[in-house]
Amino acid sequence: MKTKIIVDSTSDIPVSWIEKYDIDVVPLYVNWPDGSSEPDNVRDEESLKEFYGRLSKAEELPKTSQPSILDFQNAYKRAIEDGYDSVLVLTISTKMSGTFNSARLAAESFDIPIEIVDTKMASSIISNMAKYARELLNSGMSLEEVAKKVREERENKRFHAIFFVSDFDFLAKGGRVSKFTGFVGNLLKIKVGIYINEEGEMIPFDKTRGYKKAYSMILSKMEEEGIKIGQKIGLIGIHCNGKEHIDEMMKLIKERYEVEYFDYSNTGKVISTHVGIGMAGFGIEIIR
């Protein structure tokens with residue numbers, strides 16, 4: 001069985017991975033206060049930097065919206081036309097978006113097997129999960145077995161999303177973060193550490209001033225989440241115009257962990273709208 005993997009654009013997938021792991025991307029949308037709307041389908045760095053500039057100057061932040069049922073139907077049709085006879089869809093957490101529901105409803109119009117997984121995650125860690133799924137498919141596992149295994153490994157804490165934001169107001173205004181009492185306000189440019197918990201919610205876990213302390217905050221949280229020193233891991237360094245922070249944290253990570261794979265990615269339009277300029281962190285897979 002030939003299976004197409006589909007992710008939504010909040011996966012912030014490294015561009016090279018789309019072809020390498022045979023993945024299609026369905027975009028979410030950014031809706032500006034003036035009524036204009038744009039798909040989250042840009043992945044080249046220069047275009048994203050232009051978007052970051054617009055975002056940083058915006059007096060009122062844009063809203064974001066999920067893909068339509070038709071968007072997913074078109075993606076399924078593309079897969080069928082390209083000779084695929086099954087589809088695996090990995091979506092952003094249902095706690096953050098209705099994307100899963102659009103994918104599910106769209107699947108009702110098709111006869112081919114379509115498995116839809118609520119990753120209970122967001123941003124680049126979904127790409128780590130897609131890579132893992134492709135490896136399982138290549139090993140000969142069936143579509144149903146792979147979907148089940150991805151869900152199990154998510155529950156078993158194979159996958160982690162840990163990052164910091166430099167302007168917490170973006171998350172607070174966007175309403176996509178939970179339990180943030182005491183974290184609001186960026187009067188002193190506080191860096192706020194965020195992780196995604198078992199329920200698929202973004203949770204602040206610490207705050208500090210200065211980037212060096214923020215780097216230490218991320219590494220401490222990795223250990224707290226069960227990523228033991230010396231562990232073999234795979235990472236995607238995800239950032240919103242803050243690649244230098246990924247580079248600095250990777251120096252520290254390589255001193256502590258055995259890194260099996262690593263790649264960079266920029267936050268797309270939707271994730272950038274919620275996390276703000278200066279966000280940096282990792283999608284982390286524990287290699288067992």
# chains A, B, ... in the order shown; residues from 1 in each chain; ligands from 1
$ residues_around --residues "range 153-155 of chain A" --least-positions-apart "3" --cutoff "12 Å" --atoms "only C-alpha atoms" --output "PyMOL selection string"
chain A and resi 90+93+117-121+125-126+128-130+132-133+146-150+158-161+196-200+284-288
$ write_last_selection --atoms "N, CA, C and O atoms" --output "CSV table (one decimal), in the first residue's frame"
chain,number,residue,atom,x,y,z
A,90,LEU,N,-1.6,14.0,10.0
A,90,LEU,CA,-1.1,14.4,11.4
A,90,LEU,C,-1.5,15.9,11.6
A,90,LEU,O,-1.0,16.7,10.8
A,93,SER,N,-2.8,20.0,17.6
A,93,SER,CA,-3.7,19.6,18.7
A,93,SER,C,-5.1,20.2,18.6
A,93,SER,O,-5.3,21.4,18.3
A,117,VAL,N,-4.7,11.6,12.8
A,117,VAL,CA,-4.1,11.6,14.1
A,117,VAL,C,-4.1,13.0,14.7
A,117,VAL,O,-3.5,13.9,14.1
A,118,ASP,N,-4.7,13.2,15.8
A,118,ASP,CA,-4.6,14.4,16.6
A,118,ASP,C,-3.2,14.2,17.4
A,118,ASP,O,-3.1,13.5,18.3
A,119,THR,N,-2.2,15.0,16.9
A,119,THR,CA,-0.9,14.8,17.5
A,119,THR,C,-0.8,15.3,18.9
A,119,THR,O,0.2,15.0,19.6
A,120,LYS,N,-1.8,16.2,19.3
A,120,LYS,CA,-1.7,16.9,20.6
A,120,LYS,C,-0.4,17.7,20.7
A,120,LYS,O,0.2,17.8,21.8
A,121,MET,N,0.0,18.2,19.6
A,121,MET,CA,1.2,18.9,19.5
A,121,MET,C,1.0,20.1,18.6
A,121,MET,O,-0.1,20.3,18.0
A,125,ILE,N,7.5,19.8,16.1
A,125,ILE,CA,7.5,18.4,16.6
A,125,ILE,C,6.5,17.6,15.8
A,125,ILE,O,6.7,16.3,15.7
A,126,ILE,N,5.5,18.1,15.1
A,126,ILE,CA,4.7,17.4,14.2
A,126,ILE,C,5.5,16.8,13.1
A,126,ILE,O,5.3,15.7,12.6
A,128,ASN,N,8.7,16.0,13.3
A,128,ASN,CA,9.4,14.9,13.9
A,128,ASN,C,8.6,13.6,13.8
A,128,ASN,O,9.0,12.5,13.5
A,129,MET,N,7.3,13.8,14.2
A,129,MET,CA,6.3,12.7,14.2
A,129,MET,C,6.1,12.2,12.8
A,129,MET,O,5.9,10.9,12.6
A,130,ALA,N,6.0,13.1,11.8
A,130,ALA,CA,5.8,12.6,10.4
A,130,ALA,C,7.0,11.8,9.9
A,130,ALA,O,6.9,10.8,9.2
A,132,TYR,N,9.0,10.0,11.8
A,132,TYR,CA,8.9,8.7,12.4
A,132,TYR,C,7.8,7.8,11.7
A,132,TYR,O,8.1,6.6,11.5
A,133,ALA,N,6.7,8.4,11.4
A,133,ALA,CA,5.7,7.7,10.7
A,133,ALA,C,6.1,7.1,9.4
A,133,ALA,O,5.9,6.0,9.0
A,146,VAL,N,0.6,2.0,11.9
A,146,VAL,CA,1.5,3.2,12.1
A,146,VAL,C,0.7,4.3,12.8
A,146,VAL,O,1.3,4.9,13.8
A,147,ALA,N,-0.6,4.5,12.5
A,147,ALA,CA,-1.4,5.5,13.2
A,147,ALA,C,-1.4,5.2,14.7
A,147,ALA,O,-1.3,6.0,15.6
A,148,LYS,N,-1.6,3.9,15.0
A,148,LYS,CA,-1.7,3.4,16.4
A,148,LYS,C,-0.4,3.6,17.1
A,148,LYS,O,-0.3,4.1,18.3
A,149,LYS,N,0.7,3.3,16.4
A,149,LYS,CA,2.1,3.4,17.0
A,149,LYS,C,2.4,4.9,17.3
A,149,LYS,O,3.0,5.2,18.3
A,150,VAL,N,2.1,5.8,16.4
A,150,VAL,CA,2.3,7.2,16.6
A,150,VAL,C,1.6,7.7,17.8
A,150,VAL,O,2.1,8.5,18.6
A,158,ARG,N,7.6,10.1,23.7
A,158,ARG,CA,8.7,10.0,22.8
A,158,ARG,C,9.0,11.4,22.2
A,158,ARG,O,10.1,11.7,21.8
A,159,PHE,N,7.9,12.2,22.1
A,159,PHE,CA,8.0,13.5,21.4
A,159,PHE,C,7.8,14.7,22.4
A,159,PHE,O,6.9,14.6,23.2
A,160,HIS,N,8.5,15.7,22.2
A,160,HIS,CA,8.5,16.9,23.1
A,160,HIS,C,8.6,18.2,22.3
A,160,HIS,O,9.3,18.3,21.3
A,161,ALA,N,7.8,19.2,22.8
A,161,ALA,CA,7.9,20.5,22.2
A,161,ALA,C,8.2,21.5,23.4
A,161,ALA,O,7.4,21.6,24.3
A,196,ILE,N,4.4,21.8,25.6
A,196,ILE,CA,3.1,21.3,25.3
A,196,ILE,C,2.9,20.0,26.1
A,196,ILE,O,3.7,19.1,26.1
A,197,ASN,N,1.8,20.0,26.9
A,197,ASN,CA,1.6,18.9,27.9
A,197,ASN,C,0.9,17.7,27.2
A,197,ASN,O,0.6,17.7,26.0
A,198,GLU,N,0.6,16.7,28.0
A,198,GLU,CA,0.0,15.5,27.5
A,198,GLU,C,-1.4,15.7,26.9
A,198,GLU,O,-1.8,14.9,26.0
A,199,GLU,N,-2.1,16.7,27.3
A,199,GLU,CA,-3.4,17.0,26.8
A,199,GLU,C,-3.4,17.9,25.5
A,199,GLU,O,-4.4,18.1,24.9
A,200,GLY,N,-2.2,18.3,25.1
A,200,GLY,CA,-2.1,19.1,23.9
A,200,GLY,C,-2.2,20.6,24.1
A,200,GLY,O,-2.6,21.3,23.2
A,284,ILE,N,11.6,17.7,19.7
A,284,ILE,CA,12.5,16.7,20.2
A,284,ILE,C,11.9,15.3,20.2
A,284,ILE,O,10.9,15.0,20.8
A,285,GLU,N,12.6,14.4,19.5
A,285,GLU,CA,12.3,13.0,19.5
A,285,GLU,C,13.3,12.2,20.3
A,285,GLU,O,14.5,12.3,20.0
A,286,ILE,N,12.8,11.4,21.2
A,286,ILE,CA,13.7,10.5,21.9
A,286,ILE,C,13.9,9.2,21.1
A,286,ILE,O,12.9,8.6,20.7
A,287,ILE,N,15.1,8.9,20.7
A,287,ILE,CA,15.4,7.7,19.8
A,287,ILE,C,15.6,6.5,20.7
A,287,ILE,O,16.5,6.5,21.5
A,288,ARG,N,14.7,5.6,20.6
A,288,ARG,CA,14.8,4.4,21.5
A,288,ARG,C,15.3,3.2,20.7
A,288,ARG,O,15.2,3.1,19.5
$ closest_atom_pairs --of "range 51-166 of chain A" --to "range 205-229 of chain A" --cutoff "9 Å" --atoms "only C-alpha atoms" --output "tab-separated table"
residue	atom	partner	partner_atom	distance
A:Lys157	CA	A:Gly226	CA	8.3
A:His160	CA	A:Glu225	CA	8.1
A:Ile162	CA	A:Ile218	CA	6.7
A:Phe163	CA	A:Ile218	CA	6.6
A:Phe164	CA	A:Ala214	CA	7.1
$ atom_distance --atom1 "CA of Ala79 in chain A" --atom2 "CA of Asp22 in chain A"
10.7 Å
$ closest_residue --among "A:Gly237, A:Gly35, A:Gly83, A:Pro204" --to "Pro62 in chain A" --atoms "only C-alpha atoms"
A:Gly35
$ closest_residue --among "A:His245, A:Lys254, A:Lys2, A:Arg78" --to "Val26 in chain A" --atoms "only C-alpha atoms"
A:Arg78
$ closest_atom_pairs --of "range 114-148 of chain A" --to "range 11-16 of chain A" --cutoff "6 Å" --atoms "only C-alpha atoms" --output "tab-separated table"
residue	atom	partner	partner_atom	distance
A:Ser123	CA	A:Ser11	CA	4.2
A:Ser124	CA	A:Ser11	CA	4.9
A:Ile126	CA	A:Ser11	CA	5.1
A:Ser127	CA	A:Ile13	CA	5.4
$ write_last_selection --atoms "N, CA and C atoms" --output "tab-separated table (two decimals), in the first residue's frame"
chain	number	residue	atom	x	y	z
A	123	SER	N	3.60	22.96	15.84
A	123	SER	CA	4.86	23.38	15.27
A	123	SER	C	5.75	22.18	14.92
A	124	SER	N	7.06	22.37	14.97
A	124	SER	CA	7.97	21.44	14.31
A	124	SER	C	7.95	20.02	14.84
A	126	ILE	N	5.53	18.15	15.11
A	126	ILE	CA	4.67	17.37	14.21
A	126	ILE	C	5.50	16.83	13.06
A	127	SER	N	6.49	17.59	12.62
A	127	SER	CA	7.38	17.11	11.56
A	127	SER	C	8.24	15.95	12.04
$ closest_residue --among "A:Lys20, A:Lys243, A:Lys63, A:Lys49" --to "Ser36 in chain A" --atoms "only C-alpha atoms"
A:Lys63
$ closest_residue --among "A:Glu260, A:Glu135, A:Glu60, A:Asp85" --to "Ile114 in chain A" --atoms "only C-alpha atoms"
A:Asp85
$ select_by_dssp --residues "range 15-248 of chain A" --states "helix (DSSP H, G or I)" --output "MDAnalysis selection string"
chainID A and resid 15:20 45:57 69:81 99:107 125:138 143:155 169:174 211:224 243:248
$ select_by_dssp --residues "range 62-247 of chain A" --states "strand (DSSP E)" --output "number ranges by chain"
A: 63-65, 86-91, 114-118, 159-165, 190-196, 202-209, 232-239
$ residues_around --residues "range 272-282 of chain A" --least-positions-apart "6" --cutoff "7 Å" --atoms "only C-alpha atoms" --output "mmCIF file with N, CA and C atoms, in the first residue's frame"
data_model
loop_
_atom_site.group_PDB
_atom_site.id
_atom_site.type_symbol
_atom_site.label_atom_id
_atom_site.label_comp_id
_atom_site.auth_asym_id
_atom_site.auth_seq_id
_atom_site.Cartn_x
_atom_site.Cartn_y
_atom_site.Cartn_z
ATOM 1 N N TYR A 52 7.429 38.533 9.120
ATOM 2 C CA TYR A 52 7.809 38.876 10.494
ATOM 3 C C TYR A 52 7.833 40.401 10.679
ATOM 4 N N ALA A 161 7.836 19.164 22.783
ATOM 5 C CA ALA A 161 7.925 20.513 22.219
ATOM 6 C C ALA A 161 8.236 21.477 23.358
ATOM 7 N N ILE A 162 9.430 22.061 23.320
ATOM 8 C CA ILE A 162 9.887 22.952 24.392
ATOM 9 C C ILE A 162 10.523 24.178 23.742
ATOM 10 N N PHE A 163 10.089 25.366 24.152
ATOM 11 C CA PHE A 163 10.616 26.579 23.536
ATOM 12 C C PHE A 163 10.443 27.762 24.480
ATOM 13 N N PHE A 164 11.016 28.889 24.109
ATOM 14 C CA PHE A 164 10.747 30.108 24.864
ATOM 15 C C PHE A 164 10.259 31.189 23.909
ATOM 16 N N VAL A 165 9.486 32.112 24.455
ATOM 17 C CA VAL A 165 9.039 33.267 23.685
ATOM 18 C C VAL A 165 9.654 34.515 24.293
ATOM 19 N N SER A 166 9.901 35.499 23.430
ATOM 20 C CA SER A 166 10.508 36.751 23.876
ATOM 21 C C SER A 166 9.478 37.835 24.131
ATOM 22 N N ASP A 167 8.255 37.613 23.655
ATOM 23 C CA ASP A 167 7.164 38.562 23.885
ATOM 24 C C ASP A 167 5.904 37.754 24.173
ATOM 25 N N PHE A 170 1.991 37.973 22.670
ATOM 26 C CA PHE A 170 1.433 37.296 21.494
ATOM 27 C C PHE A 170 0.597 36.093 21.910
ATOM 28 N N LEU A 171 1.147 35.253 22.788
ATOM 29 C CA LEU A 171 0.412 34.066 23.233
ATOM 30 C C LEU A 171 -0.793 34.436 24.078
ATOM 31 N N GLY A 174 -3.522 35.820 21.839
ATOM 32 C CA GLY A 174 -4.059 34.818 20.921
ATOM 33 C C GLY A 174 -4.916 33.762 21.587
ATOM 34 N N LEU A 235 16.318 16.282 16.625
ATOM 35 C CA LEU A 235 15.765 17.608 16.878
ATOM 36 C C LEU A 235 15.485 18.392 15.603
ATOM 37 N N ILE A 236 14.457 19.215 15.703
ATOM 38 C CA ILE A 236 14.279 20.313 14.758
ATOM 39 C C ILE A 236 14.345 21.594 15.579
ATOM 40 N N GLY A 237 15.284 22.449 15.230
ATOM 41 C CA GLY A 237 15.389 23.747 15.889
ATOM 42 C C GLY A 237 14.429 24.712 15.215
ATOM 43 N N ILE A 238 13.423 25.153 15.942
ATOM 44 C CA ILE A 238 12.383 26.004 15.376
ATOM 45 C C ILE A 238 12.517 27.413 15.949
ATOM 46 N N HIS A 239 12.411 28.422 15.073
ATOM 47 C CA HIS A 239 12.603 29.785 15.561
ATOM 48 C C HIS A 239 11.797 30.770 14.726
ATOM 49 N N CYS A 240 11.517 31.906 15.331
ATOM 50 C CA CYS A 240 10.854 33.024 14.652
ATOM 51 C C CYS A 240 11.844 34.171 14.596
ATOM 52 N N ASN A 241 12.645 34.166 13.544
ATOM 53 C CA ASN A 241 13.700 35.166 13.352
ATOM 54 C C ASN A 241 14.687 35.153 14.512
ATOM 55 N N GLY A 242 15.054 33.939 14.955
ATOM 56 C CA GLY A 242 15.991 33.825 16.072
ATOM 57 C C GLY A 242 16.917 32.635 15.929
ATOM 58 N N HIS A 245 19.744 31.803 18.399
ATOM 59 C CA HIS A 245 19.426 31.165 19.680
ATOM 60 C C HIS A 245 19.446 29.643 19.552
ATOM 61 N N ILE A 246 19.007 29.145 18.412
ATOM 62 C CA ILE A 246 19.091 27.703 18.152
ATOM 63 C C ILE A 246 20.552 27.272 18.146
#
$ atom_distance --atom1 "CA of Pro27 in chain A" --atom2 "CA of Ile194 in chain A"
24.0 Å
$ atom_distance --atom1 "CA of Glu152 in chain A" --atom2 "CA of Pro67 in chain A"
26.2 Å
$ decode --residues "range 186-271 of chain A" --atoms "C-alpha atoms" --output "CSV table (one decimal), in the first residue's frame"
chain,number,residue,atom,x,y,z
A,186,ASN,CA,6.8,41.7,29.0
A,187,LEU,CA,7.8,44.9,30.8
A,188,LEU,CA,11.4,43.8,31.3
A,189,LYS,CA,11.6,41.6,28.2
A,190,ILE,CA,11.1,38.5,30.1
A,191,LYS,CA,11.7,35.2,28.3
A,192,VAL,CA,8.9,32.7,29.1
A,193,GLY,CA,9.4,29.0,28.7
A,194,ILE,CA,6.6,27.0,27.2
A,195,TYR,CA,6.0,23.3,26.7
A,196,ILE,CA,3.1,21.3,25.3
A,197,ASN,CA,1.6,18.9,27.9
A,198,GLU,CA,0.0,15.5,27.5
A,199,GLU,CA,-3.4,17.0,26.8
A,200,GLY,CA,-2.1,19.1,23.9
A,201,GLU,CA,-2.0,22.5,25.7
A,202,MET,CA,0.7,25.0,25.7
A,203,ILE,CA,1.8,25.6,29.3
A,204,PRO,CA,4.2,28.2,30.6
A,205,PHE,CA,6.7,26.5,33.0
A,206,ASP,CA,9.3,29.2,33.9
A,207,LYS,CA,10.4,32.8,33.1
A,208,THR,CA,13.7,34.5,33.2
A,209,ARG,CA,15.6,37.5,31.9
A,210,GLY,CA,18.3,37.3,29.3
A,211,TYR,CA,19.0,34.8,26.6
A,212,LYS,CA,21.7,32.7,28.4
A,213,LYS,CA,19.3,32.0,31.3
A,214,ALA,CA,16.6,31.2,28.7
A,215,TYR,CA,18.9,28.6,27.2
A,216,SER,CA,19.5,27.0,30.6
A,217,MET,CA,15.8,27.1,31.2
A,218,ILE,CA,15.2,25.0,28.1
A,219,LEU,CA,17.8,22.4,28.9
A,220,SER,CA,16.5,22.1,32.5
A,221,LYS,CA,13.0,21.5,31.2
A,222,MET,CA,14.3,18.8,28.8
A,223,GLU,CA,15.7,16.9,31.8
A,224,GLU,CA,12.5,17.5,33.8
A,225,GLU,CA,10.5,16.0,30.9
A,226,GLY,CA,12.5,12.8,31.1
A,227,ILE,CA,15.0,13.5,28.3
A,228,LYS,CA,18.0,12.0,30.2
A,229,ILE,CA,21.6,13.2,29.8
A,230,GLY,CA,23.4,11.0,27.3
A,231,GLN,CA,20.1,10.1,25.6
A,232,LYS,CA,20.0,9.7,21.8
A,233,ILE,CA,17.7,12.3,20.4
A,234,GLY,CA,16.6,13.9,17.1
A,235,LEU,CA,15.8,17.6,16.9
A,236,ILE,CA,14.3,20.3,14.8
A,237,GLY,CA,15.4,23.7,15.9
A,238,ILE,CA,12.4,26.0,15.4
A,239,HIS,CA,12.6,29.8,15.6
A,240,CYS,CA,10.9,33.0,14.7
A,241,ASN,CA,13.7,35.2,13.4
A,242,GLY,CA,16.0,33.8,16.1
A,243,LYS,CA,18.3,31.3,14.5
A,244,GLU,CA,21.2,32.4,16.6
A,245,HIS,CA,19.4,31.2,19.7
A,246,ILE,CA,19.1,27.7,18.2
A,247,ASP,CA,22.8,27.7,17.4
A,248,GLU,CA,23.7,28.7,21.0
A,249,MET,CA,21.4,26.1,22.5
A,250,MET,CA,22.7,23.4,20.1
A,251,LYS,CA,26.2,23.9,21.5
A,252,LEU,CA,24.9,23.1,24.9
A,253,ILE,CA,22.7,20.2,23.8
A,254,LYS,CA,25.6,18.5,21.9
A,255,GLU,CA,27.6,18.5,25.2
A,256,ARG,CA,24.8,16.6,26.9
A,257,TYR,CA,23.1,14.4,24.3
A,258,GLU,CA,23.8,12.1,21.4
A,259,VAL,CA,22.2,13.9,18.5
A,260,GLU,CA,21.1,11.5,15.8
A,261,TYR,CA,19.6,14.1,13.5
A,262,PHE,CA,19.1,17.8,13.5
A,263,ASP,CA,17.5,20.4,11.2
A,264,TYR,CA,16.4,24.0,11.3
A,265,SER,CA,13.0,25.4,10.5
A,266,ASN,CA,11.3,28.9,10.6
A,267,THR,CA,7.9,29.3,12.2
A,268,GLY,CA,5.3,29.8,9.5
A,269,LYS,CA,2.8,32.6,9.4
A,270,VAL,CA,0.2,31.0,11.8
A,271,ILE,CA,2.6,29.9,14.5
